[in-house]
Amino acid sequence: MEIPNALVKDLRSTGYFYDELKNYSQSPVIDIRDYCANLAVPYLDRVTGIYDSSGQSNRSGILKLAMEHLSISSDLEIVDSIFGLKKVAESEIAKASKADLEEQPDKSKSLANRQRLESAEFLVKLLVSIIKIFKLVRPNANQKTTDGVHNPVFEAITQRWEALEGLPAGKSQP
C-alpha cells in the first residue's frame, strides 16, 4: 500500500497547524504518518494538557485515545485508526446528544456530558479534515482477517475507549 500523502500547501488551507506548516520546508508533500506524529499528536497533547490543567478532564479522554492511536507507525493501521477514531467519536456524539435530551437534574453530569460532546465534535472535525485532504479511503469493514475479526483496529480502539470510560464491553456502540 502506498503511504497517503498531501501537498503542504493544501494542508495549510485547512487552517490546522498553519504556522507549523508555513515553516515546513523539508518537502512540498508530507505523508500521513509524519503529519499525525509531528503535527496532530503534539497538538492534541497541548490541548489535553490545557484541559487537564484547568480541571476539564472530561474533555481530554477521547483526545488522549486519539493521541494513542494516531501515534501508530504502520501505514495500514494509521488509516484504520483514523476511521476507527472517527466512528468512536461519532458514537460518543450520538450518545451525548441522547443523554442531553434526557432530563439531567445533576448539573455536574450535564456539564461533563457537554464537555465530552464538544471534544468528540472537535475530534471528528479534525479527522474529517485529515480524511479529505489525504483522500483516505475507508477500509473494507466487511473483509475478515485471518483471525476472524472484521476490523481489528476499530475493535481495539473501541475496547480501549470502553476501558477508559469504564463501560462493559460492547456498550458504547449505538
# chains A, B, ... in the order shown; residues from 1 in each chain; ligands from 1
call {"tool": "residues_around", "arguments": {"residues": "region 47-53 of chain A", "least_positions_apart": "5", "cutoff": "8 Å", "atoms": "only C-alpha atoms", "output": "ChimeraX atom specification"}}
result
/A:59-60,63-64
call {"tool": "atom_distance", "arguments": {"atom1": "CA of Asn5 (chain A)", "atom2": "CA of Lys135 (chain A)"}}
result
8.5 Å
call {"tool": "residues_around", "arguments": {"residues": "Leu70 (chain A)", "least_positions_apart": "3", "cutoff": "10 Å", "atoms": "only C-alpha atoms", "output": "PyMOL selection string"}}
result
chain A and resi 32-33+35-37+40-41+64-67+73+77-82+85
call {"tool": "write_last_selection", "arguments": {"atoms": "N, CA, C and O atoms", "output": "PDB file, in the first residue's frame"}}
result
ATOM      1  N   ILE A  32       1.073  10.871   5.728  1.00  0.00           N
ATOM      2  CA  ILE A  32       0.122  10.870   6.834  1.00  0.00           C
ATOM      3  C   ILE A  32       0.767  10.516   8.167  1.00  0.00           C
ATOM      4  O   ILE A  32       0.393  11.051   9.202  1.00  0.00           O
ATOM      5  N   ARG A  33       1.765   9.635   8.131  1.00  0.00           N
ATOM      6  CA  ARG A  33       2.466   9.287   9.387  1.00  0.00           C
ATOM      7  C   ARG A  33       3.157  10.501   9.974  1.00  0.00           C
ATOM      8  O   ARG A  33       3.042  10.773  11.162  1.00  0.00           O
ATOM      9  N   TYR A  35       2.534  13.655   9.326  1.00  0.00           N
ATOM     10  CA  TYR A  35       1.514  14.641   9.691  1.00  0.00           C
ATOM     11  C   TYR A  35       0.933  14.330  11.067  1.00  0.00           C
ATOM     12  O   TYR A  35       0.859  15.200  11.931  1.00  0.00           O
ATOM     13  N   CYS A  36       0.557  13.082  11.270  1.00  0.00           N
ATOM     14  CA  CYS A  36      -0.025  12.692  12.564  1.00  0.00           C
ATOM     15  C   CYS A  36       1.004  12.786  13.684  1.00  0.00           C
ATOM     16  O   CYS A  36       0.736  13.366  14.741  1.00  0.00           O
ATOM     17  N   ALA A  37       2.191  12.227  13.452  1.00  0.00           N
ATOM     18  CA  ALA A  37       3.212  12.175  14.507  1.00  0.00           C
ATOM     19  C   ALA A  37       3.772  13.549  14.853  1.00  0.00           C
ATOM     20  O   ALA A  37       4.019  13.845  16.023  1.00  0.00           O
ATOM     21  N   ALA A  40      -0.441  16.488  14.391  1.00  0.00           N
ATOM     22  CA  ALA A  40      -1.713  16.190  15.057  1.00  0.00           C
ATOM     23  C   ALA A  40      -1.529  15.740  16.504  1.00  0.00           C
ATOM     24  O   ALA A  40      -2.192  16.249  17.409  1.00  0.00           O
ATOM     25  N   VAL A  41      -0.648  14.782  16.744  1.00  0.00           N
ATOM     26  CA  VAL A  41      -0.458  14.261  18.102  1.00  0.00           C
ATOM     27  C   VAL A  41       0.087  15.336  19.050  1.00  0.00           C
ATOM     28  O   VAL A  41      -0.457  15.506  20.147  1.00  0.00           O
ATOM     29  N   LYS A  64      -7.067  11.881  24.266  1.00  0.00           N
ATOM     30  CA  LYS A  64      -5.950  11.004  24.645  1.00  0.00           C
ATOM     31  C   LYS A  64      -6.025   9.682  23.888  1.00  0.00           C
ATOM     32  O   LYS A  64      -4.997   9.143  23.481  1.00  0.00           O
ATOM     33  N   LEU A  65      -7.234   9.181  23.703  1.00  0.00           N
ATOM     34  CA  LEU A  65      -7.417   7.966  22.904  1.00  0.00           C
ATOM     35  C   LEU A  65      -6.914   8.209  21.480  1.00  0.00           C
ATOM     36  O   LEU A  65      -6.217   7.371  20.904  1.00  0.00           O
ATOM     37  N   ALA A  66      -7.250   9.358  20.917  1.00  0.00           N
ATOM     38  CA  ALA A  66      -6.805   9.707  19.562  1.00  0.00           C
ATOM     39  C   ALA A  66      -5.284   9.797  19.493  1.00  0.00           C
ATOM     40  O   ALA A  66      -4.671   9.282  18.551  1.00  0.00           O
ATOM     41  N   MET A  67      -4.668  10.417  20.494  1.00  0.00           N
ATOM     42  CA  MET A  67      -3.202  10.522  20.510  1.00  0.00           C
ATOM     43  C   MET A  67      -2.572   9.137  20.513  1.00  0.00           C
ATOM     44  O   MET A  67      -1.604   8.886  19.791  1.00  0.00           O
ATOM     45  N   SER A  73       2.825   3.686  13.846  1.00  0.00           N
ATOM     46  CA  SER A  73       3.725   3.916  12.712  1.00  0.00           C
ATOM     47  C   SER A  73       3.398   3.056  11.489  1.00  0.00           C
ATOM     48  O   SER A  73       3.942   3.279  10.424  1.00  0.00           O
ATOM     49  N   GLU A  77      -2.383   0.590   9.583  1.00  0.00           N
ATOM     50  CA  GLU A  77      -3.086   0.825  10.836  1.00  0.00           C
ATOM     51  C   GLU A  77      -3.422   2.291  11.059  1.00  0.00           C
ATOM     52  O   GLU A  77      -4.420   2.592  11.701  1.00  0.00           O
ATOM     53  N   ILE A  78      -2.631   3.214  10.553  1.00  0.00           N
ATOM     54  CA  ILE A  78      -2.916   4.628  10.775  1.00  0.00           C
ATOM     55  C   ILE A  78      -4.211   5.024  10.087  1.00  0.00           C
ATOM     56  O   ILE A  78      -5.033   5.744  10.647  1.00  0.00           O
ATOM     57  N   VAL A  79      -4.434   4.524   8.872  1.00  0.00           N
ATOM     58  CA  VAL A  79      -5.673   4.828   8.158  1.00  0.00           C
ATOM     59  C   VAL A  79      -6.849   4.161   8.868  1.00  0.00           C
ATOM     60  O   VAL A  79      -7.888   4.796   9.093  1.00  0.00           O
ATOM     61  N   ASP A  80      -6.689   2.905   9.255  1.00  0.00           N
ATOM     62  CA  ASP A  80      -7.742   2.214  10.006  1.00  0.00           C
ATOM     63  C   ASP A  80      -8.031   2.947  11.313  1.00  0.00           C
ATOM     64  O   ASP A  80      -9.182   3.066  11.718  1.00  0.00           O
ATOM     65  N   SER A  81      -6.981   3.431  11.968  1.00  0.00           N
ATOM     66  CA  SER A  81      -7.156   4.142  13.237  1.00  0.00           C
ATOM     67  C   SER A  81      -7.942   5.432  13.051  1.00  0.00           C
ATOM     68  O   SER A  81      -8.789   5.767  13.874  1.00  0.00           O
ATOM     69  N   ILE A  82      -7.657   6.147  11.989  1.00  0.00           N
ATOM     70  CA  ILE A  82      -8.371   7.403  11.731  1.00  0.00           C
ATOM     71  C   ILE A  82      -9.860   7.131  11.562  1.00  0.00           C
ATOM     72  O   ILE A  82     -10.700   7.800  12.178  1.00  0.00           O
ATOM     73  N   LEU A  85     -11.301   5.890  14.978  1.00  0.00           N
ATOM     74  CA  LEU A  85     -11.476   7.001  15.912  1.00  0.00           C
ATOM     75  C   LEU A  85     -12.673   7.860  15.528  1.00  0.00           C
ATOM     76  O   LEU A  85     -13.432   8.313  16.392  1.00  0.00           O
TER      77      LEU A  85
END
call {"tool": "residues_around", "arguments": {"residues": "Ala6 (chain A)", "least_positions_apart": "2", "cutoff": "10 Å", "atoms": "only C-alpha atoms", "output": "JSON, numbers by chain"}}
result
{"A": [4, 8, 9, 10, 11, 28, 29, 30, 31, 32, 35, 130, 132, 133, 134, 135]}
call {"tool": "atom_distance", "arguments": {"atom1": "CA of Gly15 (chain A)", "atom2": "CA of Arg114 (chain A)"}}
result
24.8 Å
call {"tool": "residues_around", "arguments": {"residues": "Leu126 (chain A)", "least_positions_apart": "5", "cutoff": "9 Å", "atoms": "only C-alpha atoms", "output": "ChimeraX atom specification"}}
result
/A:16,40,121,131
call {"tool": "write_last_selection", "arguments": {"atoms": "N, CA, C and O atoms", "output": "mmCIF file, in the first residue's frame"}}
result
data_model
loop_
_atom_site.group_PDB
_atom_site.id
_atom_site.type_symbol
_atom_site.label_atom_id
_atom_site.label_comp_id
_atom_site.auth_asym_id
_atom_site.auth_seq_id
_atom_site.Cartn_x
_atom_site.Cartn_y
_atom_site.Cartn_z
ATOM 1 N N TYR A 16 -5.651 24.007 10.055
ATOM 2 C CA TYR A 16 -4.977 23.266 11.117
ATOM 3 C C TYR A 16 -3.474 23.380 10.919
ATOM 4 O O TYR A 16 -2.975 23.171 9.812
ATOM 5 N N ALA A 40 -0.441 16.488 14.391
ATOM 6 C CA ALA A 40 -1.713 16.190 15.057
ATOM 7 C C ALA A 40 -1.529 15.740 16.504
ATOM 8 O O ALA A 40 -2.192 16.249 17.409
ATOM 9 N N GLU A 121 -16.889 16.218 19.019
ATOM 10 C CA GLU A 121 -17.149 17.001 17.806
ATOM 11 C C GLU A 121 -15.854 17.607 17.264
ATOM 12 O O GLU A 121 -15.611 17.593 16.052
ATOM 13 N N ILE A 131 -9.047 13.086 6.591
ATOM 14 C CA ILE A 131 -9.581 12.153 5.592
ATOM 15 C C ILE A 131 -9.707 12.832 4.235
ATOM 16 O O ILE A 131 -9.298 12.279 3.208
#
call {"tool": "closest_residue", "arguments": {"among": "A:Leu39, A:Asp45, A:Leu117, A:Tyr18", "to": "Ala99 (chain A)", "atoms": "only C-alpha atoms"}}
result
A:Leu117
call {"tool": "residues_around", "arguments": {"residues": "Ala112 (chain A)", "least_positions_apart": "2", "cutoff": "12 Å", "atoms": "only C-alpha atoms", "output": "VMD selection string"}}
result
chain A and resid 55 to 61 96 99 to 100 104 106 to 110 114 to 119
call {"tool": "write_last_selection", "arguments": {"atoms": "C-alpha atoms", "output": "compact mmCIF listing (two decimals), in the first residue's frame"}}
result
# COMPACT_ATOMS: atom_id res chain seq x y z
CA GLY A 55 -9.86 20.80 35.61
CA GLN A 56 -11.75 19.82 32.45
CA SER A 57 -10.55 16.23 32.26
CA ASN A 58 -13.89 15.16 30.71
CA ARG A 59 -12.75 16.94 27.55
CA SER A 60 -9.42 15.16 27.30
CA GLY A 61 -10.45 11.48 27.40
CA ALA A 96 -24.03 12.52 24.44
CA ALA A 99 -28.21 11.94 27.13
CA ASP A 100 -28.63 15.68 26.62
CA GLN A 104 -30.43 15.59 33.78
CA ASP A 106 -27.43 16.96 38.10
CA LYS A 107 -25.59 19.99 36.70
CA SER A 108 -22.15 18.38 37.04
CA LYS A 109 -23.24 15.38 34.92
CA SER A 110 -24.77 17.72 32.38
CA ARG A 114 -21.46 18.61 27.22
CA GLN A 115 -17.66 18.65 27.56
CA ARG A 116 -17.39 15.10 26.19
CA LEU A 117 -19.73 16.06 23.34
CA GLU A 118 -17.64 19.11 22.41
CA SER A 119 -14.39 17.12 22.45
call {"tool": "closest_residue", "arguments": {"among": "A:Ala89, A:Leu76, A:Leu123, A:Leu164", "to": "Arg138 (chain A)", "atoms": "only C-alpha atoms"}}
result
A:Leu76
call {"tool": "atom_distance", "arguments": {"atom1": "CA of Asn38 (chain A)", "atom2": "CA of Ile62 (chain A)"}}
result
19.2 Å
call {"tool": "closest_residue", "arguments": {"among": "A:Lys125, A:Leu44, A:Ile93, A:Phe83", "to": "Ile157 (chain A)", "atoms": "only C-alpha atoms"}}
result
A:Phe83
call {"tool": "select_by_dssp", "arguments": {"residues": "chain A", "states": "alpha helix (DSSP H)", "output": "PyMOL selection string"}}
result
chain A and resi 8-12+18-22+32-35+41-53+57-70+75-101+107-133+152-165
call {"tool": "select_by_dssp", "arguments": {"residues": "chain A", "states": "strand (DSSP E or B)", "output": "list of chain:residue names"}}
result
A:Asn5, A:Ala6, A:Leu7, A:Val29, A:Ile30, A:Asp31
call {"tool": "write_last_selection", "arguments": {"atoms": "C-alpha atoms", "output": "short mmCIF file (atom, residue, chain, number, x, y, z; two decimals), in the first residue's frame"}}
result
data_model
loop_
_atom_site.label_atom_id
_atom_site.label_comp_id
_atom_site.auth_asym_id
_atom_site.auth_seq_id
_atom_site.Cartn_x
_atom_site.Cartn_y
_atom_site.Cartn_z
CA ASN A 5 0.41 11.98 1.36
CA ALA A 6 -0.78 15.50 0.69
CA LEU A 7 0.69 18.75 -0.52
CA VAL A 29 4.48 16.90 0.36
CA ILE A 30 4.00 15.26 3.74
CA ASP A 31 2.86 11.72 4.40
#
call {"tool": "residues_around", "arguments": {"residues": "Lys86 (chain A)", "least_positions_apart": "5", "cutoff": "8 Å", "atoms": "only C-alpha atoms", "output": "JSON, numbers by chain"}}
result
{"A": [123, 124, 127, 128]}
